[in-house]
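Asker: Okay, here's the structure, questions in a sec.
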Amino acid sequence: MADHYYNAEDLGKFGNIGEYQKEMADKFFSYYGEVFKDGALTAKEKSLIALAVAHAVQCPYCIDAYSSDAYEKGFSEAQMMEAVHVASAIKGGAVLVHGVQMMNKVKEISM
Amino acid sequence: MIKSLKVLQNPLANSSYQLDILEHNPTHKHASFKEKVAGIGMLPLLAVGVEIFQVNMGKMCNQVCKHCHVDAGPDRKEVMTRDTMQLCLNVLANSPIKIVDLTGGAPELNPDFRWFVEQIKALGKHIIVRCNLTIILANKRFHDLPEFFKLHRIEVVSSLPSFTQDRTDKQRGDGVFEDSIKALQMLNAVGYGIADTGLTLNLVYNPAGAFLPPSQDALEKEYRFELMKKYNISFNKLFAITNMPISRYLDYLLTTGNYDKYMEKLIGAFNPAAVKNVMCRNTISVGWDGYLYDCDFNQMLDLKVTPATSQHLADFDLSALQNREIILKQHCYGCTAGAGSSCGGAVAD
């Protein structure tokens with residue numbers, strides 16, 4: 001057992017999750033593959049969305065994978081950083097918008 | 001100006017040193033390419049004919065690209081002589097080979113380039129020139145190349161690794177993108193890449209980094225849209241080519257710590273369907289000094305065609321070469337990864 005929680009090599013072992021539950025893993029990977037194909041959005045556009053979401057959910061494996069994928073598909077460094085800012089703005093906004101809830105509560109209990 | 005590995009006396013200028021790294025990598029044992037091919041029942045890998053006669057006219061080039069498998073540049077003096085060109089012409093005159101593919105370096109820098117083209121054309125062959133675009137702008141004496149290409153109905157194949165300046169210049173040198181765009185506009189102006197002119201202008205994408213090309217079809221659509229929108233440039237096809245882990249690209253992989261990961265990417269993406277269509281099976285590659293190779297990559301690694309066949313233009317034997325056994329090494333993974341790769345782009349769906 002490693003003495004840390006994340007290991008870069010584990011990304012390459014993602015497919016191994018099927019060893020413990022093959023049917024669900026197969027369904028997940030089939031769905032995953034389908035999601036990232038060209039559709040109403042191109043595979044390239046989906047890659048940039050995935051990069052932003054990877055940052056929002058703070059998944060180091062996903063950030064590794066989609067930093068490579070988005071760059072390989074032709075996005076520039078500036079475009080990728082703007083996508084990260086979008087994730088940041090949404091996450092920051094999600095925190096701040098709860099400030100309204102805080103204000104509501106304070107107004108409710110204050111004189 | 002960046003210098004070639006050879007002039008810098010970098011050990012990677014030595015093909016034996018490169019092969020030693022590829023075949024006996026000390027840091028990580030990579031699966032053998034030959035065993036992979038054997039595993040799909042295709043060893044020995046045999047040629048299926050000689051349809052393309054690819055001539056490397058020399059290593060001299062006006063550019064010094066970071067990924068160049070030829071280690072070409074202005075400081076390389078090896079160029080094909082007219083005597084060796086005459087040997088090429090003798091072979092072509094006596095064979096049914098229809099396509100002659102001229103590459104380099106910058107083939108146009110060879111002082112006998114135009115003479116050679118005219119002689120090949122007189123034999124009724126179709127000619128492809130791998131033009132780096134910037135050569136057209138490099139000197140006044142090259143400004144008429146688009147007209148010269150048109151006169152001989154030459155198919156032009158040109159590298160443009162991105163439709164953006166930063167990626168192109170990172171790989172091919174400062175100012176290359178701007179000159180490439182000007183050269184493409186000059187080619188369009190005489191009819192190249194324009195519908196119904198019959199003048200073919202194909203572009204080549206190759207990754208500016210340690211990764212594999214994305215989908216050729218998706219890239220082609222994007223190039224077509226962006227080049228037209230921003231620069232009013234049109235072209236025929238886009239070929240997506242994988243970088244081979246040899247020469248300057250191998251140097252880049254090693255010095256940036258990307259070598260093992262890149263090899264694993266190539267190996268992980270091994271596509272049996274691509275093996276069937278690799279370019280070495282229908283091509284013969286001719287070196288500037290007249291020696292024969294299975295492909296331009298084997299040429300740069302000094303891997304001549306099997307000794308069981310003729311190894312030089314002087315004793316060219318088409319019947320022996322057209323079903324020869326191909327020389328395979330670890331770099332061959334570069335042609336079988338993903339959708340496969342050749343001088344004509346992807347080789348598998």
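Identifiers for the structure tokens are assigned positionally: chains receive A, B, ... in sequence, residues are indexed from 1 per chain, and ligands are indexed from 1 in the order shown.
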Set the cut-off to 9 Å and count only C-alpha atoms: what are the residues of chain B that reach chain A? Output as a list in words.
Answerer: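 Only these qualify: Ser162, Thr164, Asp166, Arg167, Pro207, Ala208, Gly209, Phe211, Leu212, Pro213, Pro214, Ser215, Ala218 and Leu219 of chain B.
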Asker: At a cut-off of 7 Å, using only C-alpha atoms, what residues contact stretch 268-270 of chain B? Leave out same-chain residues fewer than 3 positions from it and give the result as a PyMOL selection string.
Answerer: chain B and resi 264-265+333+336-338
Asker: If you measure from atom CA of B:Ile267 to atom CA of A:Ala54, what distance in Å do you get, rounded to one decimal?
Answerer: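 Here the two named atoms are 26.8 Å from each other.
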Asker: Just the number, please: distance in Å from atom CA of B:Ile2 to atom CA of B:Val156, one decimal.
Answerer: 26.6 Å
Asker: Record the distance separating atom CA of B:Thr81 and atom CA of B:Lys59, expressed in Å with one decimal.
Answerer: 12.5 Å
Asker: So which bits of stretch 139-256 of chain B end up strand (DSSP E) when you DSSP the backbone, as JSON, numbers by chain?
Answerer: {"B": [155, 156, 157, 158, 159, 201, 202, 203, 204, 205, 238, 239, 240]}
Asker: Would you save the residues from that selection as a PDB file, in the first residue's frame, using N, CA and C atoms?
Answerer:
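Generated file (part_33.pdb):
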```pdb
ATOM      1  N   GLU B 155       2.772  17.614 -57.886  1.00  0.00           N
ATOM      2  CA  GLU B 155       1.958  17.591 -56.667  1.00  0.00           C
ATOM      3  C   GLU B 155       2.824  18.140 -55.538  1.00  0.00           C
ATOM      4  N   VAL B 156       2.322  19.172 -54.862  1.00  0.00           N
ATOM      5  CA  VAL B 156       3.101  19.802 -53.786  1.00  0.00           C
ATOM      6  C   VAL B 156       2.572  19.333 -52.431  1.00  0.00           C
ATOM      7  N   VAL B 157       3.504  18.869 -51.593  1.00  0.00           N
ATOM      8  CA  VAL B 157       3.156  18.450 -50.228  1.00  0.00           C
ATOM      9  C   VAL B 157       3.986  19.300 -49.273  1.00  0.00           C
ATOM     10  N   SER B 158       3.292  20.008 -48.380  1.00  0.00           N
ATOM     11  CA  SER B 158       4.003  20.980 -47.548  1.00  0.00           C
ATOM     12  C   SER B 158       3.620  20.878 -46.081  1.00  0.00           C
ATOM     13  N   SER B 159       4.628  20.997 -45.224  1.00  0.00           N
ATOM     14  CA  SER B 159       4.393  20.933 -43.787  1.00  0.00           C
ATOM     15  C   SER B 159       3.845  22.246 -43.248  1.00  0.00           C
ATOM     16  N   LEU B 201      -2.318  20.615 -53.864  1.00  0.00           N
ATOM     17  CA  LEU B 201      -1.540  21.143 -52.744  1.00  0.00           C
ATOM     18  C   LEU B 201      -2.031  20.446 -51.477  1.00  0.00           C
ATOM     19  N   ASN B 202      -1.210  19.533 -50.950  1.00  0.00           N
ATOM     20  CA  ASN B 202      -1.562  18.834 -49.716  1.00  0.00           C
ATOM     21  C   ASN B 202      -0.694  19.357 -48.577  1.00  0.00           C
ATOM     22  N   LEU B 203      -1.313  19.455 -47.412  1.00  0.00           N
ATOM     23  CA  LEU B 203      -0.584  19.927 -46.236  1.00  0.00           C
ATOM     24  C   LEU B 203      -0.284  18.774 -45.289  1.00  0.00           C
ATOM     25  N   VAL B 204       0.751  18.960 -44.495  1.00  0.00           N
ATOM     26  CA  VAL B 204       1.149  17.938 -43.524  1.00  0.00           C
ATOM     27  C   VAL B 204       1.118  18.530 -42.118  1.00  0.00           C
ATOM     28  N   TYR B 205       0.389  17.840 -41.248  1.00  0.00           N
ATOM     29  CA  TYR B 205       0.403  18.185 -39.818  1.00  0.00           C
ATOM     30  C   TYR B 205       1.281  17.160 -39.106  1.00  0.00           C
ATOM     31  N   LEU B 238      -5.227  17.212 -45.994  1.00  0.00           N
ATOM     32  CA  LEU B 238      -4.277  17.334 -44.884  1.00  0.00           C
ATOM     33  C   LEU B 238      -3.840  15.925 -44.483  1.00  0.00           C
ATOM     34  N   PHE B 239      -2.529  15.721 -44.401  1.00  0.00           N
ATOM     35  CA  PHE B 239      -1.997  14.438 -43.934  1.00  0.00           C
ATOM     36  C   PHE B 239      -1.505  14.616 -42.495  1.00  0.00           C
ATOM     37  N   ALA B 240      -1.975  13.772 -41.594  1.00  0.00           N
ATOM     38  CA  ALA B 240      -1.489  13.814 -40.201  1.00  0.00           C
ATOM     39  C   ALA B 240      -0.394  12.758 -40.046  1.00  0.00           C
TER      40      ALA B 240
END
```
Asker: Taking the DSSP assignment computed from this structure's backbone, write out as number ranges by chain all residues of chain A that belong to helix (DSSP H, G or I).
Answerer: A: 8-19, 22-35, 43-56, 60-72, 77-109
Asker: Using only C-alpha atoms, find the one residue out of A:Val95, A:Val86, A:Cys59, A:Met80 that sits nearest to A:Tyr5.
Answerer: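 Result for the nearest residue to A:Tyr5: A:Cys59.
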Asker: Quick one: everything within 8 Å of B:Asn232, counting only C-alpha atoms, minus sequence neighbours fewer than 4 positions away in the same chain. Send it as a list in words.
Answerer: Gln185, Leu227 and Met228 of chain B
